[in-house]
Structures are given as C-alpha cells and as structure tokens.
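entry_10.txt, holding compact mmCIF, C-alpha atoms and all ligand atoms:
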# COMPACT_ATOMS: atom_id res chain seq x y z
CA MET A 198 -1.71 14.83 -33.19
CA PRO A 199 -1.28 11.08 -32.62
CA PHE A 200 2.51 11.26 -32.36
CA ALA A 201 2.36 14.02 -29.75
CA SER A 202 -0.26 12.21 -27.72
CA SER A 203 1.81 9.03 -27.78
CA LEU A 204 4.71 11.07 -26.40
CA ILE A 205 2.51 12.34 -23.57
CA ALA A 206 1.48 8.80 -22.79
CA LEU A 207 5.09 7.91 -22.03
CA PRO A 208 5.38 7.87 -18.26
CA TRP A 209 8.46 10.10 -18.12
CA ARG A 210 6.85 12.95 -20.06
CA ASP A 211 4.62 15.70 -18.73
CA ARG A 212 1.37 16.85 -20.29
CA ALA A 213 3.25 19.09 -22.69
CA GLY A 214 5.30 16.12 -23.89
CA ARG A 215 8.51 17.32 -22.24
CA PHE A 216 10.85 15.01 -20.35
CA SER A 217 10.09 15.22 -16.62
CA PRO A 218 12.95 14.11 -14.34
CA LEU A 219 10.52 13.72 -11.43
CA LYS A 220 8.17 11.48 -13.41
CA ALA A 221 11.11 9.49 -14.75
CA ALA A 222 12.48 8.98 -11.22
CA VAL A 223 9.10 7.91 -9.83
CA PHE A 224 8.55 5.60 -12.79
CA ALA A 225 11.93 3.97 -12.20
CA ALA A 226 11.10 3.64 -8.50
CA THR A 227 7.84 1.85 -9.29
CA LEU A 228 9.79 -0.75 -11.28
CA ILE A 229 12.46 -1.52 -8.68
CA PRO A 230 10.37 -3.93 -6.54
CA ALA A 231 9.23 -5.75 -9.70
CA VAL A 232 12.80 -6.17 -10.92
CA LEU A 233 13.99 -7.43 -7.53
CA LEU A 234 11.03 -9.77 -7.29
CA ALA A 235 11.68 -11.11 -10.80
CA ILE A 236 15.33 -11.75 -9.89
CA ALA A 237 14.26 -13.49 -6.69
CA LEU A 238 11.83 -15.70 -8.60
CA LEU A 239 14.44 -16.50 -11.22
CA ARG A 240 16.83 -17.52 -8.49
CA ALA A 241 14.15 -19.60 -6.85
CA PHE A 242 12.91 -21.39 -9.95
CA GLY A 243 15.62 -20.83 -12.54
CA PRO A 244 18.32 -23.30 -13.56
CA ALA A 245 20.59 -22.16 -10.71
CA ALA A 246 18.07 -23.13 -8.05
CA ALA A 247 19.08 -26.01 -5.84
CA PRO A 248 17.74 -29.24 -7.32
CA GLY A 249 14.69 -30.43 -5.50
CA LEU A 250 14.37 -27.24 -3.57
CA GLY A 251 13.54 -24.68 -6.20
CA GLN A 252 14.36 -21.70 -4.10
CA GLY A 253 17.05 -19.24 -3.21
CA VAL A 254 17.85 -18.51 0.37
CA ILE A 255 20.38 -15.74 0.36
CA GLY A 256 19.66 -12.97 2.81
CA GLY A 257 20.06 -9.25 2.75
CA PRO A 258 17.96 -6.12 2.70
CA GLY A 259 15.51 -5.60 -0.02
CA ILE A 260 12.26 -6.15 -1.82
CA GLY A 261 9.98 -5.72 1.11
CA GLY A 262 10.99 -2.10 0.94
CA PRO A 263 11.67 0.28 3.71
CA GLY A 264 9.42 0.79 6.66
CA ILE A 265 6.03 -0.70 6.20
CA GLY A 266 5.61 -4.28 5.30
CA ASP A 267 6.55 -7.06 7.57
CA PRO A 268 5.20 -10.43 6.68
CA GLY A 269 6.28 -12.15 9.86
CA ILE A 270 3.97 -14.95 10.76
CA GLY A 271 3.06 -15.34 14.32
CA CYS A 272 4.93 -12.43 15.93
CA PRO A 273 2.72 -11.11 18.67
CA ALA A 274 2.29 -7.42 17.98
CA LEU A 275 1.80 -6.20 21.45
CA PRO A 276 4.05 -6.21 24.45
CA SER A 277 2.02 -8.13 26.93
CA PRO A 278 -1.70 -8.05 26.23
CA LEU A 279 -1.63 -10.55 23.39
CA PRO A 280 -1.28 -14.22 23.98
CA PRO A 281 1.75 -15.88 22.37
CA ALA A 282 1.05 -16.17 18.67
CA GLY A 283 -0.49 -19.51 18.07
CA GLY A 284 1.99 -20.97 20.50
CA ALA A 285 3.42 -22.94 17.63
CA GLY A 286 6.78 -21.31 17.55
CA ILE A 287 6.66 -20.56 13.83
CA GLY A 288 6.91 -16.87 14.35
CA GLY A 289 9.95 -14.78 14.91
CA PRO A 290 11.18 -14.07 18.39
CA ALA A 291 8.51 -12.70 20.68
CA LEU A 292 9.71 -9.16 20.22
CA GLY A 293 6.58 -7.91 18.58
CA ASN A 294 6.22 -6.54 15.13
CA SER A 295 7.00 -2.86 14.82
CA ALA A 296 4.68 -0.87 12.61
CA LEU A 297 7.66 0.82 11.02
CA GLY A 298 10.98 -0.71 10.23
CA GLY A 299 10.11 -4.36 10.47
CA PRO A 300 12.62 -6.86 9.23
CA LEU A 301 13.33 -6.43 5.55
CA GLU A 302 12.85 -9.25 3.15
CA SER A 303 15.89 -10.36 1.26
CA PRO A 304 16.34 -9.28 -2.36
CA PHE A 305 17.39 -12.61 -3.76
CA GLY A 306 15.76 -15.12 -1.47
CA LEU A 307 12.11 -15.97 -1.08
CA GLY A 308 12.50 -18.54 1.64
CA ALA A 309 11.08 -22.02 1.83
CA ARG A 310 7.86 -21.12 -0.02
CA PRO A 311 8.89 -18.79 -2.83
CA TYR A 312 5.43 -18.32 -4.33
CA THR A 313 3.82 -17.57 -0.98
CA GLU A 314 6.50 -15.01 -0.18
CA ALA A 315 6.29 -13.49 -3.67
CA ILE A 316 2.49 -13.20 -3.35
CA HIS A 317 3.00 -11.28 -0.12
CA VAL A 318 5.63 -8.98 -1.58
CA ALA A 319 3.50 -8.14 -4.65
CA GLY A 320 0.42 -7.59 -2.44
CA ASP A 321 2.40 -5.30 -0.14
CA TRP A 322 3.54 -3.18 -3.06
CA ALA A 323 0.04 -3.06 -4.54
CA ILE A 324 -1.34 -1.53 -1.36
CA ARG A 325 1.65 0.78 -0.91
CA PHE A 326 1.30 2.21 -4.41
CA LEU A 327 -2.44 2.52 -3.94
CA LEU A 328 -1.88 4.63 -0.82
CA ALA A 329 0.89 6.56 -2.57
CA ALA A 330 -1.52 7.39 -5.40
CA LEU A 331 -4.06 8.58 -2.82
CA ALA A 332 -1.39 10.72 -1.14
CA VAL A 333 -0.61 12.66 -4.31
CA THR A 334 -3.63 14.98 -4.33
CA PRO A 335 -3.30 16.07 -0.67
CA LEU A 336 0.46 16.51 -1.10
CA ALA A 337 -0.03 18.64 -4.22
CA ARG A 338 -2.57 20.73 -2.36
CA PHE A 339 -0.73 21.09 0.93
CA ALA A 340 2.63 21.71 -0.78
CA ARG A 341 1.04 24.03 -3.35
CA ARG A 342 2.64 21.98 -6.10
CA PRO A 343 -0.15 21.24 -8.60
CA LYS A 344 2.26 19.54 -10.99
CA LEU A 345 2.63 16.65 -8.55
CA VAL A 346 -0.83 15.54 -9.62
CA GLY A 347 0.93 14.25 -12.74
CA LEU A 348 2.26 11.36 -10.63
CA ARG A 349 -1.16 10.11 -9.59
CA ARG A 350 -2.01 8.09 -12.65
CA MET A 351 1.42 6.46 -12.72
CA LEU A 352 1.19 5.41 -9.07
CA GLY A 353 -2.36 4.14 -9.50
CA LEU A 354 -1.30 2.05 -12.49
CA ALA A 355 1.66 0.75 -10.50
CA ALA A 356 -0.81 -0.41 -7.83
CA LEU A 357 -2.83 -2.20 -10.51
CA PHE A 358 0.32 -3.75 -11.97
CA TYR A 359 1.42 -5.18 -8.62
CA ALA A 360 -2.12 -6.35 -7.83
CA LEU A 361 -2.23 -8.22 -11.15
CA ALA A 362 1.22 -9.68 -10.48
CA HIS A 363 -0.08 -10.70 -7.04
CA LEU A 364 -2.97 -12.57 -8.68
CA GLY A 365 -0.65 -14.02 -11.35
CA LEU A 366 1.63 -15.41 -8.65
CA TYR A 367 -1.34 -16.87 -6.84
CA VAL A 368 -2.44 -18.57 -10.08
CA ALA A 369 1.09 -19.91 -10.51
CA ASP A 370 1.03 -21.18 -6.93
CA GLN A 371 -2.18 -23.06 -7.75
CA SER A 372 -0.32 -24.81 -10.59
CA PHE A 373 -2.07 -22.57 -13.14
CA SER A 374 -5.36 -24.35 -12.54
CA LEU A 375 -7.90 -21.60 -13.19
CA SER A 376 -10.77 -23.75 -12.00
CA ARG A 377 -8.98 -24.25 -8.68
CA VAL A 378 -8.31 -20.50 -8.42
CA ALA A 379 -11.95 -19.71 -9.16
CA GLY A 380 -13.06 -22.28 -6.59
CA GLU A 381 -10.75 -20.81 -3.94
CA ILE A 382 -11.94 -17.25 -4.64
CA ALA A 383 -15.56 -18.38 -4.46
CA SER A 384 -15.08 -20.29 -1.21
CA ARG A 385 -12.78 -17.98 0.81
CA VAL A 386 -14.19 -14.64 1.81
CA TYR A 387 -10.82 -12.86 2.01
CA LEU A 388 -10.00 -13.91 -1.54
CA ALA A 389 -13.43 -12.82 -2.80
CA VAL A 390 -12.89 -9.43 -1.14
CA GLY A 391 -9.47 -9.12 -2.83
CA PHE A 392 -10.99 -10.17 -6.13
CA VAL A 393 -13.65 -7.44 -5.98
CA ALA A 394 -10.96 -4.89 -5.12
CA LEU A 395 -8.91 -6.08 -8.08
CA LEU A 396 -11.89 -5.82 -10.44
CA GLY A 397 -12.40 -2.25 -9.22
CA LEU A 398 -8.73 -1.42 -9.76
CA CYS A 399 -8.96 -2.83 -13.30
CA ALA A 400 -11.97 -0.61 -14.02
CA LEU A 401 -10.02 2.43 -12.83
CA GLY A 402 -6.93 1.36 -14.78
CA VAL A 403 -8.61 0.90 -18.15
CA THR A 404 -10.41 4.24 -17.83
CA SER A 405 -7.31 6.20 -16.90
CA THR A 406 -6.33 7.19 -20.43
CA ASP A 407 -6.77 10.78 -21.57
CA ALA A 408 -9.25 9.59 -24.18
CA ALA A 409 -11.39 7.82 -21.55
CA ILE A 410 -11.33 10.90 -19.31
CA ARG A 411 -12.54 13.07 -22.20
CA ARG A 412 -15.13 10.57 -23.34
CA MET A 413 -16.62 9.85 -19.92
CA GLY A 414 -16.85 13.43 -18.64
CA ARG A 415 -18.56 13.58 -15.25
CA ALA A 416 -19.06 9.84 -15.11
CA TRP A 417 -15.27 9.49 -14.98
CA ARG A 418 -15.13 11.37 -11.70
CA ARG A 419 -17.90 9.28 -10.22
CA LEU A 420 -16.19 6.08 -11.31
CA HIS A 421 -12.81 7.14 -9.95
CA ALA A 422 -14.32 8.09 -6.60
CA LEU A 423 -14.65 4.31 -6.23
CA VAL A 424 -10.95 4.28 -5.35
CA HIS A 425 -12.06 4.75 -1.73
CA PRO A 426 -14.28 1.67 -1.42
CA ILE A 427 -11.66 -0.23 -3.42
CA THR A 428 -8.95 0.77 -0.95
CA ALA A 429 -11.22 -0.17 1.93
CA LEU A 430 -11.75 -3.62 0.38
CA ALA A 431 -8.02 -4.05 -0.25
CA LEU A 432 -7.35 -3.18 3.40
CA LEU A 433 -10.05 -5.57 4.56
CA HIS A 434 -8.46 -8.30 2.43
CA TYR A 435 -5.13 -7.46 4.05
CA PHE A 436 -6.55 -7.68 7.59
CA MET A 437 -8.42 -10.90 6.84
CA GLN A 438 -5.44 -12.82 5.48
CA VAL A 439 -3.36 -12.11 8.58
CA LYS A 440 -3.20 -15.01 10.98
CA VAL A 441 -2.47 -13.19 14.24
CA ASP A 442 -0.66 -9.89 14.11
CA VAL A 443 -2.45 -7.01 12.37
CA THR A 444 0.24 -4.42 13.06
CA THR A 445 1.08 -3.77 9.41
CA PRO A 446 -2.46 -3.71 8.02
CA ALA A 447 -3.45 -1.47 10.93
CA LEU A 448 -0.68 0.94 9.96
CA HIS A 449 -1.85 0.93 6.33
CA ALA A 450 -5.40 1.57 7.52
CA GLY A 451 -4.07 4.43 9.67
CA LEU A 452 -2.30 6.00 6.71
CA TYR A 453 -5.48 5.74 4.69
CA LEU A 454 -7.45 7.41 7.49
CA PHE A 455 -4.85 10.18 7.63
CA LEU A 456 -5.17 10.80 3.88
CA VAL A 457 -8.95 10.78 4.08
CA GLY A 458 -8.70 13.22 7.00
CA LEU A 459 -6.68 15.62 4.87
CA ARG A 460 -9.29 15.50 2.12
CA LEU A 461 -12.05 16.03 4.65
CA ALA A 462 -10.24 19.05 6.09
CA VAL A 463 -10.11 20.62 2.63
CA ARG A 464 -13.80 19.83 2.10
CA LEU A 465 -14.56 21.55 5.39
CA ARG A 466 -12.70 24.56 4.01
CA PHE A 467 -9.73 24.47 6.37
CA SER A 468 -6.81 26.15 4.70
CA PRO A 469 -4.28 23.47 3.67
CA GLY A 470 -1.13 23.92 5.71
CA ILE A 471 1.16 22.46 8.34
CA LEU A 472 -1.14 23.10 11.27
CA VAL A 473 -4.10 21.34 9.65
CA THR A 474 -1.83 18.43 8.62
CA LEU A 475 -0.56 18.04 12.17
CA VAL A 476 -4.07 18.18 13.62
CA VAL A 477 -5.19 15.50 11.17
CA ALA A 478 -2.13 13.39 12.11
CA VAL A 479 -3.04 13.73 15.80
CA LEU A 480 -6.64 12.68 15.09
CA ALA A 481 -5.61 9.81 12.80
CA ALA A 482 -3.53 8.23 15.58
CA PRO A 483 -6.40 7.31 17.95
CA ALA A 484 -8.53 6.38 14.94
CA THR A 485 -5.81 3.90 13.95
CA ALA A 486 -5.63 2.50 17.46
CA ALA A 487 -9.41 2.15 17.41
CA VAL A 488 -9.33 0.21 14.13
CA GLU A 489 -6.68 -2.12 15.53
CA ALA A 490 -8.57 -2.61 18.79
CA VAL A 491 -11.88 -3.25 17.02
CA TRP A 492 -10.21 -5.82 14.79
CA TYR A 493 -8.71 -7.68 17.73
CA ALA A 494 -12.03 -7.52 19.57
CA ALA A 495 -13.95 -8.87 16.58
CA ALA A 496 -11.48 -11.46 15.34
CA THR A 497 -9.69 -12.62 18.48
CA ALA A 498 -10.14 -12.92 22.21
CA VAL A 499 -7.73 -10.07 22.91
CA ASP A 500 -9.05 -7.35 25.18
CA PRO A 501 -9.35 -4.19 23.01
CA ALA A 502 -8.52 -1.99 26.02
CA ARG A 503 -5.09 -3.58 26.19
CA VAL A 504 -4.54 -2.96 22.49
CA LEU A 505 -5.39 0.70 23.00
CA GLU A 506 -3.10 0.81 26.00
CA ALA A 507 -0.22 -0.66 23.96
CA ASN A 508 -0.65 2.16 21.46
CA LEU A 509 0.01 4.68 24.22
CA MET A 510 3.29 3.11 25.31
CA LEU A 511 6.63 3.80 23.71
CA ASP A 512 8.83 0.77 23.85
CA PRO A 513 12.20 0.86 22.05
CA VAL A 514 12.26 -2.93 21.81
CA LEU A 515 8.79 -3.26 20.32
CA GLY A 516 9.12 -0.25 18.07
CA LEU A 517 6.25 1.97 17.04
CA ARG A 518 2.68 0.76 17.33
CA PRO A 519 0.41 1.51 14.35
CA ALA A 520 -1.14 4.61 15.95
CA GLN A 521 2.29 6.03 16.76
CA ALA A 522 3.61 5.19 13.30
CA THR A 523 0.58 6.83 11.68
CA PHE A 524 1.27 9.97 13.66
CA ALA A 525 4.98 9.85 12.70
CA CYS A 526 4.06 9.46 9.03
CA GLY A 527 1.64 12.38 9.36
CA VAL A 528 4.41 14.55 10.77
CA ALA A 529 6.74 13.41 7.97
CA PHE A 530 4.03 14.28 5.43
CA ALA A 531 3.70 17.76 6.98
CA GLY A 532 7.48 18.20 6.80
CA LEU A 533 7.61 17.09 3.18
CA ALA A 534 4.73 19.36 2.19
CA ALA A 535 6.34 22.28 4.01
CA ALA A 536 9.73 21.64 2.37
CA LEU A 537 8.22 21.38 -1.10
CA SER A 538 6.08 24.43 -0.56
CA TRP A 539 9.01 26.43 0.82
CA ARG A 540 11.31 25.44 -2.07
CA GLY A 541 8.80 26.23 -4.73
CA THR A 542 5.67 28.20 -4.55
CA ALA A 543 5.40 29.43 -0.97
CA GLY A 544 2.84 32.18 -0.71
CA ARG A 545 1.26 31.45 -4.08
CA PRO A 546 -2.41 30.45 -3.92
CA ALA A 547 -2.97 26.75 -4.46
CA SER A 548 -3.87 25.99 -8.04
CA ARG A 549 -7.38 24.77 -8.58
CA ASP A 550 -5.87 22.04 -10.67
CA ALA A 551 -4.31 20.36 -7.66
CA GLY A 552 -6.74 17.80 -6.49
CA SER A 553 -9.32 18.47 -9.10
CA GLY A 554 -10.43 15.43 -11.00
CA ARG A 555 -7.99 16.15 -13.82
CA ARG A 556 -5.41 13.56 -14.58
CA ALA A 557 -1.98 14.38 -15.84
C1 LIG A 601 -8.11 -11.93 -7.11
C2 LIG A 601 -7.56 -11.10 -6.28
C3 LIG A 601 -6.64 -11.47 -5.16
C4 LIG A 601 -6.21 -12.70 -4.72
C5 LIG A 601 -6.55 -14.07 -5.28
C6 LIG A 601 -5.32 -12.47 -3.62
C7 LIG A 601 -4.67 -13.46 -2.90
C8 LIG A 601 -3.89 -13.27 -1.81
C9 LIG A 601 -3.24 -14.30 -1.05
C10 LIG A 601 -3.35 -15.80 -1.36
C11 LIG A 601 -2.58 -13.72 -0.04
C12 LIG A 601 -1.71 -14.45 1.00
C13 LIG A 601 -2.57 -15.05 2.06
C14 LIG A 601 -1.81 -15.98 2.98
O1 LIG A 601 -0.60 -16.13 2.85
O2 LIG A 601 -2.46 -16.57 3.82
C15 LIG A 601 -2.79 -12.31 -0.15
C16 LIG A 601 -2.25 -11.37 0.69
C17 LIG A 601 -2.29 -10.02 0.45
N1 LIG A 601 -2.95 -9.37 -0.57
FE1 LIG A 601 -4.09 -10.24 -1.97
N2 LIG A 601 -5.23 -11.13 -3.40
C18 LIG A 601 -6.01 -10.48 -4.31
C19 LIG A 601 -6.18 -9.12 -4.45
C20 LIG A 601 -5.46 -8.18 -3.78
C21 LIG A 601 -5.49 -6.76 -4.01
C22 LIG A 601 -6.36 -6.08 -5.08
C23 LIG A 601 -4.62 -6.19 -3.14
C24 LIG A 601 -4.23 -4.75 -2.95
C25 LIG A 601 -4.47 -3.75 -3.75
C26 LIG A 601 -4.05 -7.24 -2.33
C27 LIG A 601 -3.16 -7.05 -1.31
C28 LIG A 601 -2.70 -8.04 -0.49
C29 LIG A 601 -1.83 -7.79 0.65
C30 LIG A 601 -1.30 -6.44 1.10
C31 LIG A 601 -1.58 -9.02 1.22
C32 LIG A 601 -0.74 -9.29 2.46
C33 LIG A 601 0.70 -9.28 2.13
C34 LIG A 601 1.53 -9.51 3.37
O3 LIG A 601 1.04 -10.05 4.35
O4 LIG A 601 2.71 -9.14 3.35
N3 LIG A 601 -4.58 -8.43 -2.75
N4 LIG A 601 -3.58 -12.06 -1.23
Give the structure from this file in structure tokens form.
Amino acid sequence: MPFASSLIALPWRDRAGRFSPLKAAVFAATLIPAVLLAIALLRAFGPAAAPGLGQGVIGGPGIGGPGIGDPGIGCPALPSPLPPAGGAGIGGPALGNSALGGPLESPFGLGARPYTEAIHVAGDWAIRFLLAALAVTPLARFARRPKLVGLRRMLGLAALFYALAHLGLYVADQSFSLSRVAGEIASRVYLAVGFVALLGLCALGVTSTDAAIRRMGRAWRRLHALVHPITALALLHYFMQVKVDVTTPALHAGLYLFLVGLRLAVRLRFSPGILVTLVVAVLAAPATAAVEAVWYAAATAVDPARVLEANLMLDPVLGLRPAQATFACGVAFAGLAAALSWRGTAGRPASRDAGSGRRA
C-alpha cells in the first residue's frame, strides 16, 4: 500500500507505521546541530553581520556538542612529551586537549573564519553520527532491545547529511568554483580520502530504502558491510587534516575499535553482556593508545613511547587521554546497555533481529 509505506518512511514512525517517541526524539536530536549551524552561518553572513567582517563572534556553549570534538589548533595534546605546537602561538593555552570535554564551540559565532569553522563542525557531526549508527547494533544486542535497530538507518542518513553539508560548505568556501574544488581534491591526499569516504556514504544512503533492501537481497548486505572501510577512510581523513594534535581523532578511532571489538566478541560467540563489554573496553584502551602513538611516530618526530606513557597518566589539568576516554565511553556503554536491558527485556533471549542485516 503506497500510503502505508510512505508513512513508514517518515522518520518518526516505526515499521508498523505507528508514531515512535524514541525515533522522533532521535530525529529531532539529529537536526539540532544543523539548526544551530544554520543560525551561526546566518549570523555570520546574513544582513546583521558586521560590515566588512561577515561573521558573528558571540560566545557560549553549543554546536560542537558535548564531549568529543575540539577543533583547537595547535594545542599540544600531551603533558610533556610533545614539543610546543608549532611554536607559533596560534593555539590555545598549553594545557593540552582533553579527549573528552574539550572547549565547546559557540552556538552563534563561528569565529574569524566562519566557513572553516562550519566545515569543521559539520565534519565532526558526520563522524559522530557515523559512529552512533555503528553503535546501534551492538547496543541493541547487548541491551536485548532489538527495536533499537530502527534507529540505525536514521543515524546513518544523518551522517550522510552532515558529510554532504561538510562538502557543501567547502564548495562555498572555494567561492563555488567546482573546478577549484575538483583540483584541490585531486591534489590533496586527505581530501581525496574524504571524497572516497563520501562516495561510499552516498552509495549506502541511496540503497537504504526498503525497496532497495528488497531488490538487492544478499548484495545489499555485502554493500553495507562497506561501512567499515568507509569509517576507516573517514577517520584517516580526520587524522590527516589535523595539524598537530590528534587527540580527538584518536578518541574517535578508539570508539570505533571498541564497537568493532563488540562485534568481534559476538562473532566469537561470547554471550553479549556487561562483562564482555567491559573486557572489550579494557582491550580497546591500549589499542587506542597504540593508534595514537603510531600516528605520532609516523607523522611527527614525537617519541611514541612518551605518547603511550601519557595515556597511562591521569592528570586533572590535561583531562582524559584518548585511551582513557575510550575506556570511559566503554564503561558508559556497558552501563547504558545494562540499564536498558534491566528496564525492558532482562532475561529474554536476544532477538535474532538485533544486529541482523535488516533495516528498520
Ligand atoms: C569530498 C569530501 C570531503 C571534503 C572535500 C572534505 C574537506 C574537509 C576539510 C577542508 C576539512 C578541514 C581541513 C582543515 O581545516 O585543514 C575537513 C575536516 C574534517 N572532515 Fe572532511 N571532507 C570530506 C569528506 C568527509 C567525510 C565523508 C567525513 C566524515 C564522515 C569528514 C569528516 C571530517 C572531520 C571529522 C574533519 C575534522 C573536523 C575538526 O577538526 O573538527 N570529511 N574536511
């Protein structure tokens, strides 16, 4: 029935076409950063913008979102092992860049270079929603809440939306000269990597309709397994565009490793539960530190041993290092899964639907 299927396609309805408060809330949440970003851009470039400046500069908490995502340029991430960032004094104070709870961007101000800042904000949200989409299946499994899988498509499409906005802002920043954009993508490796990731996301996005899932059958699953290489490319793009401090990309990489670890544990037939989640969180922490250390070793002159050492220290001034933050997020994930499982279906066997290839 075309009318019924159009109802199902609405993001706030479940597969049966009923209104879902959870889906509605998540849908609204996916829009908030876009609305704040649009307001910030309007303030920067709209009629109210200061003549000749074209930007708003009012501070406050906001679009960068809570926790992860700190675009600070030139803040040395580590307490002592890293040399001062570039020595140019453009960065923030030499306090380091905490993996969690970095300074929040302001909701209505994009700073001196509005497009650059907006590109960063949209890119941050693209990767966050991508990881959120990847977290849905393990959460549904570990919380024994198969219905959560219904959020996966929405979060994946949100990632695509922010990635396209990210590209759109970049095009705007290049004065809408498509030839210049193409030239930049062809000549800069980090942009080419992001471009391939975006193409992959587009392929997943256009094949995420119910009709495409039915039509493609097994090929759909194979295609959508590409979300992993796509995420890896998006993370690589993130690492590569950073000038000095890879704290935030390292945390995102750590979260991805944690989510992959959960999937691997299920593959290896460990029973999904708190204990397994905590073990995976413990293992993901050194893996995150290793990724960070390898990056510094490959891309800078920083001694990787000192990066690893920094991940072992707890410093209230510096905040959490990526490995510590990954572990903390893993523990939070375990707590959330336990709470959801306890409130709902504790003791019931996990539905086979949770984490199967089916889309809601
Ligand atoms: C054609 C595709 C893409 C282009 C042209 C592009 C371009 C850019 C540019 C210009 C920057 C800022 C670099 C700088 O300031 O030096 C950036 C950063 C970033 N991009 Fe992309 N990108 C693309 C695809 C993607 C995709 C697919 C994702 C994620 C799914 C992504 C996530 C990010 C992130 C997370 C950042 C860093 C944001 C921050 O530091 O706060 N990008 N990208």
Using atom CA of A:His434 and atom C5 of ligand LIG 601 (chain A) as the two end points, give the distance in Å to one decimal.
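Taking atom CA of A:His434 as the start and atom C5 of ligand LIG 601 (chain A) as the end point, the length is 9.8 Å.
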Within 10 Å of A:Phe358, counting only C-alpha atoms, which residues qualify if same-chain residues fewer than 2 places away don't, as an MDAnalysis selection string?
chainID A and resid 227:228 231 319 322:323 326 352:356 360:364 398:399 402
A:Ala450 proximity check over A:Ala534, A:Ile324, A:Ile382, A:Ala237, using all atoms listed in the file: winner is A:Ile324
What does the distance from atom CA of A:Ala535 to atom CA of A:Pro446 come to in Å, to one decimal?
27.7 Å
State, in Å with one decimal place, the distance from atom CA of A:Leu456 to atom CA of A:Pro335.
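Taking atom CA of A:Leu456 as the start and atom CA of A:Pro335 as the end point, the length is 7.2 Å.
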Set up a box along x, y and z of the file covering all listed atoms of ligand LIG 601 (chain A), add 3 Å on every one of the six sides, and write the centre and edge lengths in Å to one decimal, as lines of an AutoDock Vina configuration file.
center_x = -2.7
center_y = -10.2
center_z = -1.4
size_x = 16.8
size_y = 18.8
size_z = 17.5
Spatial neighbours of A:Met351, max dist 12 Å, all atoms listed in the file, sep filter under 2 positions, as JSON, numbers by chain:
{"A": [206, 207, 208, 209, 210, 211, 219, 220, 221, 222, 223, 224, 225, 226, 227, 228, 326, 327, 329, 330, 331, 333, 345, 346, 347, 348, 349, 353, 354, 355, 356, 357, 358, 402, 405, 406, 556, 557]}
Please provide as a PyMOL selection string all residues within 10 Å of A:Trp539, with the sequence filter that same-chain residues fewer than 6 positions apart are discarded (counting all atoms listed in the file).
chain A and resi 340-341+533
Expected file: the selected residues, C-alpha atoms, as a PDB file, in the coordinates of the input:
ATOM      1  CA  ALA A 340       2.630  21.710  -0.780  1.00  0.00           C
ATOM      2  CA  ARG A 341       1.040  24.030  -3.350  1.00  0.00           C
ATOM      3  CA  LEU A 533       7.610  17.090   3.180  1.00  0.00           C
TER       4      LEU A 533
END
Return the single residue from A:Ala495, A:Ala487, A:Ala481, A:Ile316 that is closest to A:Ala507, with distances computed using all atoms listed in the file.
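Using all atoms listed in the file, A:Ala507 sits closest to A:Ala487.
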Of the candidates A:Leu459, A:Ala522, A:Leu454, A:Ala482, which one gets nearest to A:Ala429 if we count all atoms listed in the file?
A:Leu454
Counting only C-alpha atoms, which of A:Val514, A:Ala389, A:Leu234, A:Gly527 gets nearest to A:His317?
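Residue with the minimum atom-to-atom distance to A:His317: A:Leu234.
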Of the candidates A:Leu307, A:Val441, A:Val378, A:Ala536, which shows the shortest atom-to-atom distance to ligand LIG 601 (chain A), using all atoms listed in the file?
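For ligand LIG 601 (chain A), the nearest of the candidates is A:Val378.
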Using only C-alpha atoms and all ligand atoms: which of A:Ala309, A:Ala241, A:Ala416, A:Val390 has the shortest distance to ligand LIG 601 (chain A):
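Smallest distance to ligand LIG 601 (chain A) is found for A:Val390.
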Do a neighbour search on A:Leu388 at 12 Å with only C-alpha atoms, toss out local chain neighbours closer than 2 positions, and write the hits as an NGL selection string.
:A and (363-364 or 367 or 378-386 or 390-395 or 430-431 or 433-438)
Export of the given selection (C-alpha atoms) as a tab-separated table (two decimals), keeping the file's coordinate frame:
chain	number	residue	atom	x	y	z
A	363	HIS	CA	-0.08	-10.70	-7.04
A	364	LEU	CA	-2.97	-12.57	-8.68
A	367	TYR	CA	-1.34	-16.87	-6.84
A	378	VAL	CA	-8.31	-20.50	-8.42
A	379	ALA	CA	-11.95	-19.71	-9.16
A	380	GLY	CA	-13.06	-22.28	-6.59
A	381	GLU	CA	-10.75	-20.81	-3.94
A	382	ILE	CA	-11.94	-17.25	-4.64
A	383	ALA	CA	-15.56	-18.38	-4.46
A	384	SER	CA	-15.08	-20.29	-1.21
A	385	ARG	CA	-12.78	-17.98	0.81
A	386	VAL	CA	-14.19	-14.64	1.81
A	390	VAL	CA	-12.89	-9.43	-1.14
A	391	GLY	CA	-9.47	-9.12	-2.83
A	392	PHE	CA	-10.99	-10.17	-6.13
A	393	VAL	CA	-13.65	-7.44	-5.98
A	394	ALA	CA	-10.96	-4.89	-5.12
A	395	LEU	CA	-8.91	-6.08	-8.08
A	430	LEU	CA	-11.75	-3.62	0.38
A	431	ALA	CA	-8.02	-4.05	-0.25
A	433	LEU	CA	-10.05	-5.57	4.56
A	434	HIS	CA	-8.46	-8.30	2.43
A	435	TYR	CA	-5.13	-7.46	4.05
A	436	PHE	CA	-6.55	-7.68	7.59
A	437	MET	CA	-8.42	-10.90	6.84
A	438	GLN	CA	-5.44	-12.82	5.48
Can you rebuild stretch 230-241 of chain A with N, CA and C atoms and give it as a compact mmCIF listing (two decimals), in the coordinates of the input?
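Okay, this is what ended up in result05.txt:
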# COMPACT_ATOMS: atom_id res chain seq x y z
N PRO A 230 10.82 -2.70 -7.22
CA PRO A 230 10.37 -3.93 -6.54
C PRO A 230 10.08 -5.06 -7.52
N ALA A 231 9.56 -4.70 -8.72
CA ALA A 231 9.23 -5.75 -9.70
C ALA A 231 10.51 -6.41 -10.19
N VAL A 232 11.54 -5.61 -10.43
CA VAL A 232 12.80 -6.17 -10.92
C VAL A 232 13.40 -7.09 -9.85
N LEU A 233 13.42 -6.61 -8.61
CA LEU A 233 13.99 -7.43 -7.53
C LEU A 233 13.19 -8.72 -7.33
N LEU A 234 11.88 -8.59 -7.45
CA LEU A 234 11.03 -9.77 -7.29
C LEU A 234 11.29 -10.76 -8.43
N ALA A 235 11.42 -10.23 -9.65
CA ALA A 235 11.68 -11.11 -10.80
C ALA A 235 13.01 -11.83 -10.61
N ILE A 236 14.02 -11.11 -10.13
CA ILE A 236 15.33 -11.75 -9.89
C ILE A 236 15.18 -12.84 -8.83
N ALA A 237 14.44 -12.51 -7.77
CA ALA A 237 14.26 -13.49 -6.69
C ALA A 237 13.56 -14.74 -7.21
N LEU A 238 12.55 -14.54 -8.06
CA LEU A 238 11.83 -15.70 -8.60
C LEU A 238 12.72 -16.51 -9.53
N LEU A 239 13.52 -15.79 -10.32
CA LEU A 239 14.44 -16.50 -11.22
C LEU A 239 15.42 -17.34 -10.43
N ARG A 240 15.88 -16.77 -9.33
CA ARG A 240 16.83 -17.52 -8.49
C ARG A 240 16.15 -18.71 -7.83
N ALA A 241 14.87 -18.52 -7.52
CA ALA A 241 14.15 -19.60 -6.85
C ALA A 241 13.80 -20.74 -7.80
